[in-house]
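input-v2.tsv follows; it contains TSV, C-alpha atoms and all ligand atoms.
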```
chain	number	residue	atom	x	y	z
A	1	MET	CA	-71.65	-5.79	-0.70
A	2	LYS	CA	-68.72	-7.98	-1.67
A	3	PRO	CA	-66.90	-7.27	-4.93
A	4	ILE	CA	-67.94	-9.53	-7.80
A	5	ILE	CA	-64.30	-10.18	-8.76
A	6	GLU	CA	-61.54	-10.38	-6.16
A	7	VAL	CA	-57.91	-10.87	-7.13
A	8	ILE	CA	-55.96	-11.17	-3.89
A	9	ASP	CA	-52.15	-11.02	-3.91
A	10	VAL	CA	-51.99	-13.15	-7.03
A	11	SER	CA	-48.73	-14.24	-8.61
A	12	PHE	CA	-48.40	-16.37	-11.72
A	13	ALA	CA	-45.53	-17.67	-13.84
A	14	TYR	CA	-45.74	-19.76	-17.00
A	15	ASP	CA	-43.47	-22.83	-17.24
A	16	ILE	CA	-40.91	-20.74	-19.04
A	17	GLY	CA	-39.96	-17.10	-18.72
A	18	PRO	CA	-40.13	-14.58	-15.87
A	19	PRO	CA	-43.24	-14.22	-13.69
A	20	ALA	CA	-46.17	-12.80	-15.66
A	21	LEU	CA	-47.86	-11.42	-12.55
A	22	GLU	CA	-46.49	-10.57	-9.12
A	23	HIS	CA	-48.62	-9.79	-6.06
A	24	VAL	CA	-51.52	-8.36	-7.98
A	25	THR	CA	-54.54	-7.26	-5.96
A	26	LEU	CA	-57.65	-5.90	-7.61
A	27	SER	CA	-61.33	-5.95	-6.84
A	28	VAL	CA	-64.15	-5.19	-9.21
A	29	GLU	CA	-67.52	-4.10	-7.85
A	30	ASP	CA	-70.77	-5.47	-9.20
A	31	GLY	CA	-71.92	-3.18	-12.02
A	32	GLU	CA	-68.53	-1.63	-12.73
A	33	PHE	CA	-67.16	-0.96	-16.21
A	34	LEU	CA	-63.44	-1.47	-15.71
A	35	GLY	CA	-60.77	-0.72	-18.29
A	36	LEU	CA	-57.59	-2.78	-17.99
A	37	VAL	CA	-54.61	-1.19	-19.70
A	38	GLY	CA	-50.85	-1.71	-19.85
A	39	PRO	CA	-47.97	-2.48	-22.17
A	40	ASN	CA	-47.74	-5.63	-24.29
A	41	GLY	CA	-46.67	-8.55	-22.15
A	42	GLY	CA	-47.86	-6.74	-19.00
A	43	GLY	CA	-50.00	-9.71	-17.99
A	44	LYS	CA	-53.48	-8.47	-18.94
A	45	SER	CA	-54.58	-11.61	-20.80
A	46	THR	CA	-53.02	-13.77	-18.09
A	47	LEU	CA	-55.01	-11.96	-15.40
A	48	LEU	CA	-58.25	-12.47	-17.34
A	49	LYS	CA	-57.52	-16.19	-17.76
A	50	LEU	CA	-57.00	-16.48	-14.00
A	51	VAL	CA	-60.37	-14.82	-13.40
A	52	LEU	CA	-61.95	-17.21	-15.90
A	53	GLY	CA	-60.37	-20.19	-14.17
A	54	LEU	CA	-58.45	-21.18	-17.32
A	55	LEU	CA	-55.23	-20.75	-15.34
A	56	ARG	CA	-54.64	-21.26	-11.62
A	57	PRO	CA	-52.58	-18.79	-9.59
A	58	GLY	CA	-49.14	-19.80	-8.32
A	59	GLY	CA	-49.79	-17.69	-5.23
A	60	GLY	CA	-52.75	-15.78	-3.87
A	61	GLU	CA	-56.40	-16.28	-4.63
A	62	VAL	CA	-59.07	-15.37	-7.17
A	63	ARG	CA	-62.76	-15.25	-6.22
A	64	VAL	CA	-65.68	-14.61	-8.53
A	65	ALA	CA	-69.04	-13.89	-6.90
A	66	GLY	CA	-67.57	-15.24	-3.66
A	67	ARG	CA	-66.64	-18.62	-5.15
A	68	THR	CA	-63.78	-20.12	-7.13
A	69	PRO	CA	-63.49	-19.09	-10.79
A	70	GLN	CA	-64.31	-22.67	-11.80
A	71	GLU	CA	-67.52	-22.63	-9.73
A	72	SER	CA	-68.49	-19.26	-11.20
A	73	ARG	CA	-67.50	-19.99	-14.78
A	74	LYS	CA	-71.09	-19.78	-16.04
A	75	LEU	CA	-71.46	-16.23	-14.75
A	76	ILE	CA	-68.87	-14.93	-17.22
A	77	GLY	CA	-69.12	-14.23	-20.92
A	78	TYR	CA	-65.68	-14.01	-22.54
A	79	VAL	CA	-64.38	-12.61	-25.79
A	80	PRO	CA	-60.75	-13.75	-26.12
A	81	GLN	CA	-57.95	-11.79	-27.71
A	82	TYR	CA	-57.07	-12.60	-31.36
A	83	ALA	CA	-60.39	-14.26	-31.98
A	84	ARG	CA	-59.75	-13.83	-35.69
A	85	PHE	CA	-58.97	-17.53	-35.96
A	86	ALA	CA	-62.73	-17.96	-35.97
A	87	ARG	CA	-62.83	-16.57	-39.51
A	88	ASP	CA	-61.49	-19.78	-40.97
A	89	PHE	CA	-64.23	-22.03	-39.63
A	90	PRO	CA	-66.98	-22.92	-42.10
A	91	ILE	CA	-69.67	-21.88	-39.64
A	92	SER	CA	-72.52	-19.38	-39.79
A	93	VAL	CA	-73.19	-16.40	-37.54
A	94	GLU	CA	-76.12	-18.17	-35.91
A	95	GLU	CA	-74.15	-21.35	-35.25
A	96	THR	CA	-71.35	-19.28	-33.71
A	97	VAL	CA	-73.71	-17.49	-31.35
A	98	LEU	CA	-75.40	-20.77	-30.41
A	99	LEU	CA	-72.00	-22.13	-29.34
A	100	GLY	CA	-72.28	-19.65	-26.49
A	101	ARG	CA	-75.26	-21.66	-25.19
A	102	LEU	CA	-73.23	-24.84	-24.72
A	103	GLY	CA	-72.36	-24.17	-21.09
A	104	ALA	CA	-75.92	-23.14	-20.28
A	105	THR	CA	-77.93	-25.90	-21.96
A	106	ARG	CA	-78.09	-29.70	-21.92
A	107	LEU	CA	-75.24	-31.35	-23.73
A	108	LEU	CA	-77.11	-34.00	-25.69
A	109	GLY	CA	-79.99	-33.73	-28.09
A	110	GLY	CA	-79.12	-30.43	-29.70
A	111	TYR	CA	-80.25	-26.91	-28.98
A	112	ARG	CA	-83.72	-26.28	-27.60
A	113	ALA	CA	-86.12	-23.60	-28.77
A	114	ALA	CA	-85.17	-21.58	-25.70
A	115	ASP	CA	-81.51	-21.61	-26.80
A	116	ARG	CA	-82.47	-20.27	-30.23
A	117	GLU	CA	-84.61	-17.59	-28.60
A	118	VAL	CA	-81.71	-16.39	-26.48
A	119	ALA	CA	-79.38	-16.49	-29.50
A	120	HIS	CA	-81.79	-14.36	-31.51
A	121	ARG	CA	-82.28	-11.91	-28.68
A	122	VAL	CA	-78.54	-11.30	-28.28
A	123	MET	CA	-78.02	-11.10	-32.07
A	124	LYS	CA	-80.69	-8.41	-32.15
A	125	GLU	CA	-79.05	-6.58	-29.28
A	126	THR	CA	-75.64	-6.67	-30.95
A	127	GLU	CA	-77.23	-5.76	-34.31
A	128	VAL	CA	-76.07	-8.84	-36.20
A	129	LEU	CA	-79.47	-10.43	-36.77
A	130	ASP	CA	-79.38	-9.48	-40.46
A	131	LEU	CA	-76.16	-11.51	-40.77
A	132	VAL	CA	-77.66	-14.63	-39.24
A	133	GLY	CA	-76.95	-17.09	-42.08
A	134	ARG	CA	-73.67	-15.57	-43.23
A	135	PRO	CA	-70.44	-17.61	-43.01
A	136	LEU	CA	-68.06	-16.04	-40.49
A	137	GLY	CA	-65.38	-15.70	-43.15
A	138	THR	CA	-67.43	-13.13	-45.05
A	139	LEU	CA	-67.78	-10.63	-42.19
A	140	SER	CA	-65.92	-7.37	-41.66
A	141	GLY	CA	-63.73	-7.05	-38.55
A	142	GLY	CA	-66.38	-4.99	-36.77
A	143	GLN	CA	-69.18	-7.41	-37.67
A	144	LEU	CA	-67.14	-10.40	-36.53
A	145	GLN	CA	-66.37	-8.75	-33.21
A	146	ARG	CA	-70.10	-8.10	-32.64
A	147	VAL	CA	-70.87	-11.74	-33.38
A	148	LEU	CA	-68.25	-12.80	-30.82
A	149	VAL	CA	-69.82	-10.44	-28.28
A	150	ALA	CA	-73.20	-12.04	-29.08
A	151	ARG	CA	-71.67	-15.48	-28.49
A	152	ALA	CA	-70.36	-14.28	-25.11
A	153	LEU	CA	-73.80	-12.88	-24.23
A	154	ALA	CA	-75.57	-16.09	-25.19
A	155	CYS	CA	-74.75	-17.67	-21.82
A	156	GLU	CA	-76.63	-14.76	-20.19
A	157	PRO	CA	-73.64	-13.72	-18.10
A	158	ARG	CA	-73.44	-11.40	-15.09
A	159	ILE	CA	-69.91	-10.43	-16.08
A	160	LEU	CA	-68.62	-9.70	-19.57
A	161	ILE	CA	-64.85	-9.92	-20.10
A	162	LEU	CA	-63.35	-8.70	-23.38
A	163	ASP	CA	-59.67	-8.94	-24.28
A	164	GLU	CA	-58.78	-6.19	-26.79
A	165	PRO	CA	-62.10	-6.45	-28.58
A	166	THR	CA	-61.38	-3.54	-30.90
A	167	ALA	CA	-57.72	-4.15	-31.72
A	168	ASN	CA	-58.35	-4.82	-35.41
A	169	ILE	CA	-61.30	-2.61	-36.25
A	170	ASP	CA	-61.66	0.98	-37.37
A	171	GLN	CA	-62.52	3.90	-35.12
A	172	ARG	CA	-66.17	4.08	-36.12
A	173	ALA	CA	-66.78	0.39	-35.43
A	174	GLU	CA	-64.84	0.80	-32.17
A	175	THR	CA	-67.11	3.63	-31.05
A	176	GLU	CA	-70.23	1.64	-31.96
A	177	ILE	CA	-69.09	-1.41	-30.05
A	178	PHE	CA	-68.20	0.62	-26.95
A	179	ASP	CA	-71.63	2.30	-27.16
A	180	LEU	CA	-73.03	-1.23	-27.02
A	181	PHE	CA	-70.87	-2.08	-23.98
A	182	GLN	CA	-72.24	1.01	-22.26
A	183	VAL	CA	-75.80	-0.24	-22.76
A	184	LEU	CA	-74.85	-3.75	-21.60
A	185	ASN	CA	-73.20	-2.26	-18.51
A	186	ARG	CA	-76.68	-1.33	-17.23
A	187	ARG	CA	-77.22	-4.98	-16.45
A	188	MET	CA	-73.77	-6.54	-16.16
A	189	THR	CA	-70.26	-5.92	-14.92
A	190	ILE	CA	-67.78	-5.31	-17.74
A	191	VAL	CA	-64.00	-5.71	-17.80
A	192	VAL	CA	-62.35	-4.67	-21.05
A	193	VAL	CA	-58.67	-4.76	-22.02
A	194	SER	CA	-57.52	-2.01	-24.32
A	195	HIS	CA	-54.32	-0.19	-25.13
A	196	ASP	CA	-56.16	2.95	-26.11
A	197	ILE	CA	-56.44	4.67	-22.75
A	198	GLY	CA	-57.65	7.95	-24.18
A	199	PHE	CA	-60.50	6.26	-26.00
A	200	ILE	CA	-61.72	3.98	-23.22
A	201	SER	CA	-61.59	6.80	-20.67
A	202	ARG	CA	-64.78	8.11	-22.22
A	203	TYR	CA	-66.60	4.93	-21.36
A	204	VAL	CA	-65.19	3.14	-18.33
A	205	THR	CA	-65.86	3.98	-14.71
A	206	ARG	CA	-62.35	3.01	-13.64
A	207	VAL	CA	-58.99	2.20	-15.17
A	208	ALA	CA	-56.55	-0.38	-13.80
A	209	CYS	CA	-53.00	-0.30	-15.14
A	210	LEU	CA	-51.16	-3.59	-15.22
A	211	ASN	CA	-47.44	-3.91	-15.80
A	212	ARG	CA	-46.69	-7.27	-14.17
A	213	THR	CA	-47.75	-5.66	-10.91
A	214	LEU	CA	-50.77	-3.42	-10.69
A	215	LEU	CA	-49.64	0.19	-10.88
A	216	CYS	CA	-52.86	1.93	-10.11
A	217	HIS	CA	-56.56	1.80	-10.26
A	218	ARG	CA	-58.41	5.03	-10.25
A	219	PRO	CA	-61.44	6.71	-11.71
A	220	ALA	CA	-61.15	7.35	-15.42
A	221	PRO	CA	-59.60	9.19	-17.09
A	222	ILE	CA	-56.03	8.79	-15.93
A	223	GLY	CA	-53.37	11.42	-16.45
A	224	ALA	CA	-50.23	11.70	-18.52
A	225	GLU	CA	-47.94	11.06	-15.57
A	226	MET	CA	-49.42	7.62	-15.04
A	227	ILE	CA	-49.26	6.79	-18.72
A	228	GLU	CA	-45.57	7.70	-18.67
A	229	ARG	CA	-44.89	5.48	-15.68
A	230	LEU	CA	-46.79	2.67	-17.27
A	231	TYR	CA	-45.24	2.76	-20.69
A	232	GLY	CA	-41.92	4.37	-19.78
A	233	ILE	CA	-42.22	6.99	-22.48
A	234	PRO	CA	-43.07	10.68	-22.33
A	235	VAL	CA	-46.55	11.44	-23.53
A	236	GLN	CA	-46.94	14.28	-25.99
A	237	ARG	CA	-50.68	14.50	-26.29
A	238	ILE	CA	-52.71	14.11	-23.17
A	239	PRO	CA	-56.10	12.57	-23.73
A	240	HIS	CA	-59.03	14.88	-23.02
A	241	GLY	CA	-56.93	17.55	-21.28
A	242	GLU	CA	-56.74	15.70	-18.02
A	243	ALA	CA	-53.04	16.39	-17.29
A	244	GLY	CA	-52.18	16.88	-13.68
A	245	ARG	CA	-55.69	16.40	-12.39
A	246	THR	CA	-55.19	12.85	-11.22
A	247	GLY	CA	-51.85	13.48	-9.44
A	248	ALA	CA	-50.82	9.87	-9.87
A	249	LYS	CA	-49.81	7.89	-6.83
A	250	PRO	CA	-49.64	4.14	-6.92
B	1	LIG	P1	-50.66	-8.91	-22.24
B	1	LIG	O1	-51.99	-9.55	-22.47
B	1	LIG	O2	-50.69	-7.79	-21.24
B	1	LIG	O3	-49.98	-8.51	-23.50
B	1	LIG	P2	-49.87	-11.61	-21.46
B	1	LIG	O4	-50.70	-11.95	-20.26
B	1	LIG	O5	-50.29	-12.16	-22.77
B	1	LIG	O6	-49.72	-10.01	-21.54
B	1	LIG	O7	-48.38	-12.07	-21.22
B	1	LIG	C1	-47.68	-11.81	-20.02
B	1	LIG	C2	-46.31	-12.47	-20.08
B	1	LIG	O8	-46.46	-13.88	-20.10
B	1	LIG	C3	-45.52	-12.12	-21.33
B	1	LIG	O9	-44.16	-12.03	-20.97
B	1	LIG	C4	-45.76	-13.29	-22.23
B	1	LIG	O10	-44.67	-13.48	-23.11
B	1	LIG	C5	-45.88	-14.43	-21.25
B	1	LIG	N1	-46.76	-15.49	-21.75
B	1	LIG	C6	-48.05	-15.35	-22.16
B	1	LIG	N2	-48.58	-16.53	-22.51
B	1	LIG	C7	-47.61	-17.45	-22.32
B	1	LIG	C8	-47.54	-18.87	-22.48
B	1	LIG	N3	-48.59	-19.58	-22.91
B	1	LIG	N4	-46.37	-19.48	-22.17
B	1	LIG	C9	-45.29	-18.79	-21.72
B	1	LIG	N5	-45.30	-17.45	-21.53
B	1	LIG	C10	-46.43	-16.78	-21.82
B	2	MG	MG	-53.11	-9.81	-24.14
```

Would you encode the structure as structure tokens?
Amino acid sequence: MKPIIEVIDVSFAYDIGPPALEHVTLSVEDGEFLGLVGPNGGGKSTLLKLVLGLLRPGGGEVRVAGRTPQESRKLIGYVPQYARFARDFPISVEETVLLGRLGATRLLGGYRAADREVAHRVMKETEVLDLVGRPLGTLSGGQLQRVLVARALACEPRILILDEPTANIDQRAETEIFDLFQVLNRRMTIVVVSHDIGFISRYVTRVACLNRTLLCHRPAPIGAEMIERLYGIPVQRIPHGEAGRTGAKP
């Protein structure tokens, strides 16, 4: 079977600054739970935006389910990085989740009963149904992140892409939300960006390390040697005692 996401020799540069990505090749199999890690500025968010079709590669090619990212846009649910801006909107939890239906439903005439049914189903699944009428601005970081996951699920995606979904929430909320991702992974492919390699290693099936070029992709968890190469610093504590086992080669 073909991979659901194919990134083939992709390079990308913004109008200003050095190239953000150079000759990156990565494929994601249907049903995988991939962790994408790497230093700040390593190009993780850029790579996700290329897969979403929000940016177009300067060189190389991106395919999603065998088609262009634009053609496959409806297959992907996306939780962007720094979604905290959403807090300032005077909008309820339910209205936020319904926004996720926009790509999937007719554009005129408002939401249909079926849209509300899907919204309620995903709010139940993400355990935010009790918050349904609450303004976004009143939620905790963990609650807000769950609502944004619900919004991403509302388009009934085959692929869920999350860019640092737990950057601003405490460890307990982080664990709960990754437990949710694990359940969701039974029916969809998941790609999650994180800088906490030790933590995500418990959940993901594979880790890809991006530092402008892709350094490695290997079964989780990855070892200290790779973390050192990636971040350029010696690692004191090795997550989960996996030192040496993965014998890192690019
Ligand atoms: P990461 O998500 O891994 O932190 P990004 O993909 O956000 O990395 O950024 C990769 C590189 O591209 C960085 O050097 C960053 O400064 C640069 N960059 C990101 N967005 C823009 C933009 N809109 N315009 C110019 N440069 C950008
Ligand atoms: Mg980023």

* To do: Around ligand MG 2 (chain B), at most 9 Å away and counting all atoms listed in the file, which residues are there? Put them as JSON, numbers by chain, please.
  => {"A": [40, 41, 42, 43, 44, 45, 46, 48, 80, 81, 82, 163, 164, 193, 194]}

Take the selection from the previous step and output its residues with C-alpha atoms, as an mmCIF file, in the coordinates of the input.
```cif
data_model
loop_
_atom_site.group_PDB
_atom_site.id
_atom_site.type_symbol
_atom_site.label_atom_id
_atom_site.label_comp_id
_atom_site.auth_asym_id
_atom_site.auth_seq_id
_atom_site.Cartn_x
_atom_site.Cartn_y
_atom_site.Cartn_z
ATOM 1 C CA ASN A 40 -47.740 -5.630 -24.290
ATOM 2 C CA GLY A 41 -46.670 -8.550 -22.150
ATOM 3 C CA GLY A 42 -47.860 -6.740 -19.000
ATOM 4 C CA GLY A 43 -50.000 -9.710 -17.990
ATOM 5 C CA LYS A 44 -53.480 -8.470 -18.940
ATOM 6 C CA SER A 45 -54.580 -11.610 -20.800
ATOM 7 C CA THR A 46 -53.020 -13.770 -18.090
ATOM 8 C CA LEU A 48 -58.250 -12.470 -17.340
ATOM 9 C CA PRO A 80 -60.750 -13.750 -26.120
ATOM 10 C CA GLN A 81 -57.950 -11.790 -27.710
ATOM 11 C CA TYR A 82 -57.070 -12.600 -31.360
ATOM 12 C CA ASP A 163 -59.670 -8.940 -24.280
ATOM 13 C CA GLU A 164 -58.780 -6.190 -26.790
ATOM 14 C CA VAL A 193 -58.670 -4.760 -22.020
ATOM 15 C CA SER A 194 -57.520 -2.010 -24.320
#
```

Quick one: 8 Å padding each side, axis-aligned, all listed atoms of stretch 117-123 of chain A - centre and edge lengths in Å to one decimal, as lines of an AutoDock Vina configuration file?
```
center_x = -81.3
center_y = -14.3
center_z = -29.3
size_x = 22.6
size_y = 22.5
size_z = 21.6
```

* To do: Could you check which of A:Gly35, A:Pro18, A:Pro165, A:Gly198 is closest to ligand LIG 1 (chain B), using all atoms listed in the file?
  => A:Pro18

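Remark: for ligand LIG 1 (chain B), the closest of the candidate residues A:Met123, A:Arg67, A:Asn211, A:Asp115 is A:Asn211 (distances computed over all atoms listed in the file).
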
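Here the question is which of A:Leu131, A:Ala104, A:Leu162, A:Met188 gets nearest to ligand LIG 1 (chain B) using only C-alpha atoms and all ligand atoms, and that residue is A:Leu162.
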
* Write out as a PyMOL selection string the residues lying within 6 Å of A:Val93, counting all atoms listed in the file and excluding same-chain residues fewer than 5 positions away. => chain A and resi 132-134+136

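Atom to atom, atom CA of A:Ala208 and atom CA of A:Leu36 stand 4.9 Å apart.
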
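We find atom CA of A:Val183 and atom CA of A:Gly31 to be spaced 11.8 Å apart.
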
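When atom CA of A:Thr138 is paired with atom CA of A:Leu160, their separation reads 25.7 Å.
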
* **Contacts of A:Gln70 at 9 Å (only C-alpha atoms; same-chain gap of 5+ positions) as JSON, numbers by chain** => {"A": [51, 52, 53, 54, 64]}
